[in-house]
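Written out below as structure tokens is the structure these notes cover.
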There are 2 protein chains.
Amino acid sequence: MDRIYMDHAATTPLDERVLEDMMPFLKENFGNPSSAHFFGREVRKALEKAREKMASLLGATPEEIYFTSGGTEADNLAIIGSARALRNRGNHIITTSVEHHAVLDTCLALKEEGFEVTVLPVDQYGMVDPNDVREAIQENTILLSVMYANNEVGTIQPVEEIGKIARENNILFHIDAVQSVGNLPVNVEKLSVDLLALSAHKFYGPKGVGLLFIKEGTGINHLTHGGGQERGKRAGTENIPGIIGMAKAMELAYSELEEFVPRMEALRDRLIHGCLEMEEVKLNGHPSQRLPGNVNVSFEYIEGEALLLSLDFKGVAASSGSACSSGSMNPSHVLLAAGMSEQTARGAIRLSLGRHNSMEEVDYVLQVIKESVDKLRSMSSIYQGKGER
Amino acid sequence: MDRIYMDHAATTPLDERVLEDMMPFLKENFGNPSSAHFFGREVRKALEKAREKMASLLGATPEEIYFTSGGTEADNLAIIGSARALRNRGNHIITTSVEHHAVLDTCLALKEEGFEVTVLPVDQYGMVDPNDVREAIQENTILLSVMYANNEVGTIQPVEEIGKIARENNILFHIDAVQSVGNLPVNVEKLSVDLLALSAHKFYGPKGVGLLFIKEGTGINHLTHGGGQERGKRAGTENIPGIIGMAKAMELAYSELEEFVPRMEALRDRLIHGCLEMEEVKLNGHPSQRLPGNVNVSFEYIEGEALLLSLDFKGVAASSGSACSSGSMNPSHVLLAAGMSEQTARGAIRLSLGRHNSMEEVDYVLQVIKESVDKLRSMSSIYQGKGER
């Protein structure tokens, strides 16, 4: 069997239809959209058409869409930019313990500028309790940042309810929706959100491009200075092929959502059930409120890294936690936040399914996991010792 | 005749050979380089190979190369990052009045954080005097930022000499070299530079990617927070196709420099001389120390914008000043800094030549300029009035 990719939460392949839309902008349509001549005007038109398309899909206006180099920059711009802009109104920020580092580390870094940060706990499924949000709000709270769905364990947060709390209390609400487009309906109106960050390469679009939705009337201090692109909020010549590709990728993600979700859920559930049939294994994340393609399981008595190596050797690509932190050797902050011991957290692996995965692949992967787990446990003195007790 | 593009300082077309190198990374090699599995490792290898290639071309080590979303981000990271890192040593920054806004506005924005900024004047050719640099140095000077070559008038600054002054005085030296690669030899050792910013789309590489050279041992505060990519200095999943493309584009720029420069200079000089043969026209920028493809001329009694419109109508793409500021209607800050009156500055146009331009195109453009200038002047009451005096 060919290599099997089950790490779509880390990145997705570029959809062929997306690349096709990008090609003219990698060839003849190369102008700088800020140029007034023909070459620039043609590209400017395409850029604004892409902006309109994405705005419409998100339920926003084109003026509320700002292009960035990816999800990380969008999160940083949202959090640092709005916190600094609201500094005179208050200095308290609320976020959660399971955010991606692009949010969590950014909030914590603001402490150096005199901001106070409350990091909310989660339950055993990695879920935030809206009551905790309500209780954390202080008179000086200006910003609340909660991810839509977790990149590691797939848990979907009650963002609609949290958004209402934010609105009632006149607090800016930022959603890191990087894992959501293509997996969940994302509509800024429905989510009562002021700031929302996306990354194209997570939904079969190109790397190096993302966007930030900034609700009309929301003040944001820009982080960089330059040529005044993106209405002064984000300087630098626009990544045109990237933006064109993101628009097509988003269009496909929305139009295929209805077909995609149940197909992924069927693969996911077969994979989860197959894993849970093995011994001493635990599902991480919420049993039902989870991303359609996310499987995160902990195998006791083995190291996740060793299991991944064994899977990789057999042509199966999966991950432990997020790609961004792989190599760090620290157990996942998300699993620890959900109350897992360090040892159990180290036994976790994530399989994230995507467009091209099949039921046949799922069955093959289950077989490979079982063989690998058995072999690793047979070499594990702790596991062996357990039998002797 | 087909449309003629003479705005290469704004952006260049992507070289076909560059796109060819990028294609595998827009197709099958789609992995996240932070992923430990096969898909990630293959991409990581290519990423590091690209880094090594670019480091070697620049005379740097791979550890000194940091990828960004473009020149603007690289300039911002260099200036804000190093200024903040050196805040305890001093708070004085020196730059020049002809920098791109990505440098000038960034330096000026640091005033809000308590930095003092000296903006050096230039002579009538837009050139900085190294003696002015020397005299501007104070005990608390920590950073000096000077562009290698000006994007509007093409003047090449005496950066080698300025770099020596910076080194003698133990001041960090940043060069905005965005217009230089492909037009000038760029070697970080020779330039005595600590920080150097590049943008791929200015040398026939893709949009949305650039790099910052940070000399080993130079402290930089990162501006964004996230997954720890680029050794913690620049978070966010790497724009892999972009980086691969930038490496190929840089390789071509260096290997073809010797052939490219005299060919551009011949086109440039024919264009300049042809323009200067017309009446009441002035060359802007330095007569000899200028980029091989840069022509910037002012036609008295007409508006540059009107002339550009007329050229555009006849299929010739040129610009007034930088693309980033076009549409602002303000006269170029570079021309004003060089002592030009607002009215003369408004009569300036820039033609920037590139790889695909020919002598035949230059001759056609000269003819079109002459016709357009004559026509615009025939409609200008000021110009007509002049004859009646």
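Lettering and numbering for the structure tokens are positional, with chains as A, B, ... in the shown order, residues counted from 1 in each chain, and ligands counted from 1 in the shown order.
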Report the closest atom pair, with its distance in Å rounded to one decimal, for each residue of chain A that has an atom no farther than 7 Å from chain B; count only C-alpha atoms, sort by chain and then rising residue number, and write it as a Markdown table.
| residue | atom | partner | partner_atom | distance |
| --- | --- | --- | --- | --- |
| A:Ala10 | CA | B:Asn32 | CA | 6.3 |
| A:Thr11 | CA | B:Asn32 | CA | 5.8 |
| A:Pro13 | CA | B:Phe30 | CA | 5.3 |
| A:Leu14 | CA | B:Leu26 | CA | 6.4 |
| A:Leu26 | CA | B:Leu14 | CA | 6.4 |
| A:Lys27 | CA | B:Leu14 | CA | 6.4 |
| A:Phe30 | CA | B:Pro13 | CA | 5.3 |
| A:Gly31 | CA | B:Thr11 | CA | 6.5 |
| A:Asn32 | CA | B:Thr11 | CA | 5.8 |
| A:Ser34 | CA | B:Ala323 | CA | 5.2 |
| A:Ser35 | CA | B:Ala323 | CA | 5.0 |
| A:Ala36 | CA | B:Ser326 | CA | 6.9 |
| A:His37 | CA | B:Ala317 | CA | 5.6 |
| A:Phe38 | CA | B:Asp312 | CA | 6.7 |
| A:Ser69 | CA | B:Ser69 | CA | 6.0 |
| A:Gly70 | CA | B:Gly236 | CA | 6.8 |
| A:Thr72 | CA | B:Gly236 | CA | 5.2 |
| A:Glu73 | CA | B:Thr224 | CA | 6.9 |
| A:Asn76 | CA | B:Thr224 | CA | 6.0 |
| A:His101 | CA | B:Gly226 | CA | 4.6 |
| A:Ala102 | CA | B:Gly226 | CA | 3.6 |
| A:Asp105 | CA | B:His225 | CA | 5.9 |
| A:Thr106 | CA | B:His225 | CA | 5.2 |
| A:Lys207 | CA | B:Asn239 | CA | 5.0 |
| A:Gly208 | CA | B:Asn239 | CA | 4.3 |
| A:Thr224 | CA | B:Asn76 | CA | 6.0 |
| A:His225 | CA | B:Thr106 | CA | 5.2 |
| A:Gly226 | CA | B:Ala102 | CA | 3.6 |
| A:Gly227 | CA | B:Cys324 | CA | 4.6 |
| A:Gly228 | CA | B:Cys324 | CA | 6.9 |
| A:Ala235 | CA | B:Thr72 | CA | 6.7 |
| A:Gly236 | CA | B:Thr72 | CA | 5.2 |
| A:Glu238 | CA | B:Gly208 | CA | 6.6 |
| A:Asn239 | CA | B:Gly208 | CA | 4.3 |
| A:Ile240 | CA | B:Lys207 | CA | 6.9 |
| A:Asp312 | CA | B:His37 | CA | 5.8 |
| A:Ala317 | CA | B:His37 | CA | 5.6 |
| A:Ala323 | CA | B:Ser35 | CA | 5.0 |
| A:Cys324 | CA | B:Gly227 | CA | 4.6 |
| A:Ser325 | CA | B:Gly227 | CA | 6.0 |
| A:Ser326 | CA | B:Ser34 | CA | 6.5 |
Fill in: DSSP helix (DSSP H, G or I) residues within range 45-234 of chain A, listed as a ChimeraX atom specification
/A:45-58,62-64,71-85,101-113,130-136,159-168,200-202,230-232
Item to complete: For Asp176 in chain A, list every protein, DNA or RNA residue within 6 Å, evaluated using only C-alpha atoms, and leave out those in the same chain fewer than 4 positions away; present the list as a list in words.
Response: Met147, Leu196 and Ala197 of chain A
Discussion item. Using only C-alpha atoms, which protein or nucleic acid residues come within 12 Å of Ser332 in chain B? Drop anything in the same chain fewer than 5 positions from it, and give the result as a ChimeraX atom specification.
Written reply: /B:97-101,126,151-153,284,296,298,304,319-327,337-350
Worksheet entry | Nearest-residue call for Tyr383 in chain A, choices A:Glu64, A:Glu139, A:Glu258, A:Glu279, using only C-alpha atoms |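 Looking at the shortest contact to Tyr383 in chain A, the residue is A:Glu279.
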Worksheet item: Near Tyr66 in chain B, within 8 Å and counting only C-alpha atoms, which residues show up once chain neighbours fewer than 6 positions away are dropped, as a ChimeraX atom specification?
Response: /B:211-214,230,233-234
Selected residues written out, C-alpha atoms, as a short mmCIF file (atom, residue, chain, number, x, y, z; two decimals), in the first residue's frame:
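again-v3.cif, freshly written:
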data_model
loop_
_atom_site.label_atom_id
_atom_site.label_comp_id
_atom_site.auth_asym_id
_atom_site.auth_seq_id
_atom_site.Cartn_x
_atom_site.Cartn_y
_atom_site.Cartn_z
CA LEU B 211 14.15 36.68 4.47
CA LEU B 212 16.05 38.42 7.17
CA PHE B 213 19.74 37.79 7.69
CA ILE B 214 20.56 38.12 11.38
CA GLU B 230 12.64 29.61 12.64
CA LYS B 233 12.26 34.08 15.97
CA ARG B 234 9.40 33.78 13.48
#
Item to complete: Can you check which residues of range 98-287 of chain B DSSP gives as strand (DSSP E) on the backbone and send them as a PyMOL selection string?
Response: chain B and resi 116-120+141-147+172-176+195-199+210-214+281-283
Quick one: residues within 12 Å of Tyr364 in chain B, only C-alpha atoms, excluding same-chain residues fewer than 3 positions away - as a JSON list (two decimals) with N, CA and C atoms, in the first residue's frame?
[["chain", "number", "residue", "atom", "x", "y", "z"],
["B", 1, "MET", "N", 2.20, 46.24, -31.01],
["B", 1, "MET", "CA", 3.14, 45.66, -30.04],
["B", 1, "MET", "C", 2.39, 45.22, -28.77],
["B", 2, "ASP", "N", 2.86, 44.16, -28.17],
["B", 2, "ASP", "CA", 2.27, 43.68, -26.91],
["B", 2, "ASP", "C", 2.45, 44.71, -25.80],
["B", 3, "ARG", "N", 1.77, 44.48, -24.72],
["B", 3, "ARG", "CA", 1.98, 45.35, -23.56],
["B", 3, "ARG", "C", 3.43, 45.26, -23.10],
["B", 4, "ILE", "N", 3.97, 46.39, -22.69],
["B", 4, "ILE", "CA", 5.38, 46.44, -22.24],
["B", 4, "ILE", "C", 5.42, 46.74, -20.75],
["B", 270, "ARG", "N", 20.12, 54.12, -22.82],
["B", 270, "ARG", "CA", 19.41, 54.54, -24.04],
["B", 270, "ARG", "C", 18.11, 55.26, -23.67],
["B", 271, "LEU", "N", 17.43, 54.71, -22.69],
["B", 271, "LEU", "CA", 16.16, 55.30, -22.25],
["B", 271, "LEU", "C", 16.40, 56.68, -21.63],
["B", 274, "GLY", "N", 17.48, 59.16, -24.34],
["B", 274, "GLY", "CA", 16.32, 59.49, -25.17],
["B", 274, "GLY", "C", 15.40, 60.49, -24.47],
["B", 311, "LEU", "N", 0.69, 56.60, -21.06],
["B", 311, "LEU", "CA", 1.55, 55.45, -21.37],
["B", 311, "LEU", "C", 0.74, 54.15, -21.24],
["B", 314, "LYS", "N", -1.34, 53.36, -24.02],
["B", 314, "LYS", "CA", -0.57, 52.86, -25.16],
["B", 314, "LYS", "C", 0.17, 51.57, -24.86],
["B", 315, "GLY", "N", -0.18, 50.93, -23.75],
["B", 315, "GLY", "CA", 0.36, 49.61, -23.45],
["B", 315, "GLY", "C", 1.69, 49.59, -22.73],
["B", 316, "VAL", "N", 2.07, 50.72, -22.12],
["B", 316, "VAL", "CA", 3.35, 50.76, -21.42],
["B", 316, "VAL", "C", 3.10, 50.94, -19.92],
["B", 357, "ASN", "N", 12.87, 42.87, -21.05],
["B", 357, "ASN", "CA", 12.81, 44.07, -21.88],
["B", 357, "ASN", "C", 13.90, 44.04, -22.96],
["B", 358, "SER", "N", 13.57, 44.68, -24.10],
["B", 358, "SER", "CA", 14.51, 44.69, -25.23],
["B", 358, "SER", "C", 14.77, 46.12, -25.69],
["B", 359, "MET", "N", 15.79, 46.28, -26.50],
["B", 359, "MET", "CA", 16.11, 47.59, -27.05],
["B", 359, "MET", "C", 14.96, 48.10, -27.92],
["B", 360, "GLU", "N", 14.34, 47.17, -28.59],
["B", 360, "GLU", "CA", 13.20, 47.53, -29.43],
["B", 360, "GLU", "C", 12.07, 48.13, -28.56],
["B", 361, "GLU", "N", 11.84, 47.54, -27.42],
["B", 361, "GLU", "CA", 10.82, 48.06, -26.51],
["B", 361, "GLU", "C", 11.21, 49.44, -26.00],
["B", 367, "GLN", "N", 9.37, 56.67, -27.96],
["B", 367, "GLN", "CA", 8.47, 57.30, -28.92],
["B", 367, "GLN", "C", 7.12, 57.64, -28.26],
["B", 368, "VAL", "N", 6.63, 56.69, -27.47],
["B", 368, "VAL", "CA", 5.35, 56.89, -26.79],
["B", 368, "VAL", "C", 5.46, 58.01, -25.76],
["B", 369, "ILE", "N", 6.59, 58.05, -25.04],
["B", 369, "ILE", "CA", 6.77, 59.11, -24.05],
["B", 369, "ILE", "C", 6.77, 60.47, -24.76],
["B", 370, "LYS", "N", 7.51, 60.55, -25.84],
["B", 370, "LYS", "CA", 7.61, 61.83, -26.55],
["B", 370, "LYS", "C", 6.24, 62.31, -27.02],
["B", 371, "GLU", "N", 5.50, 61.41, -27.66],
["B", 371, "GLU", "CA", 4.15, 61.77, -28.12],
["B", 371, "GLU", "C", 3.26, 62.22, -26.96]]
Discussion item. Applying 9 Å and only C-alpha atoms, which residues near Leu86 in chain B remain after dropping the ones on its own chain fewer than 3 positions away? List them as a ChimeraX atom specification.
Written reply: /B:81-83,89-91,142-143,219-220
Worksheet item: With only C-alpha atoms as the atoms that count, which of B:Ala249, B:Ala266, B:Leu353, B:Ile156 lies nearest to Tyr125 in chain B?
Response: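 Looking at the shortest contact to Tyr125 in chain B, the residue is B:Ile156.
Checking A:Asn140, A:Thr96, A:Ser180, A:Asn170 one by one against Asp194 in chain A, counting only C-alpha atoms, you find the shortest gap at A:Asn170.
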Fill in: Separation of CA of Leu307 in chain A from CA of Glu277 in chain A in Å
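Result for CA of Glu277 in chain A versus CA of Leu307 in chain A: 17.2 Å, one decimal.
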Worksheet, complete the sentence: From CA of Ala85 in chain B to CA of Phe115 in chain B the spacing works out at 12.4 Å
Item to complete: Could you please determine the separation between CA of Ile93 in chain B and CA of Tyr148 in chain B in Å, to one decimal place?
Response: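 Atom-to-atom, CA of Ile93 in chain B and CA of Tyr148 in chain B are spaced 17.4 Å apart.
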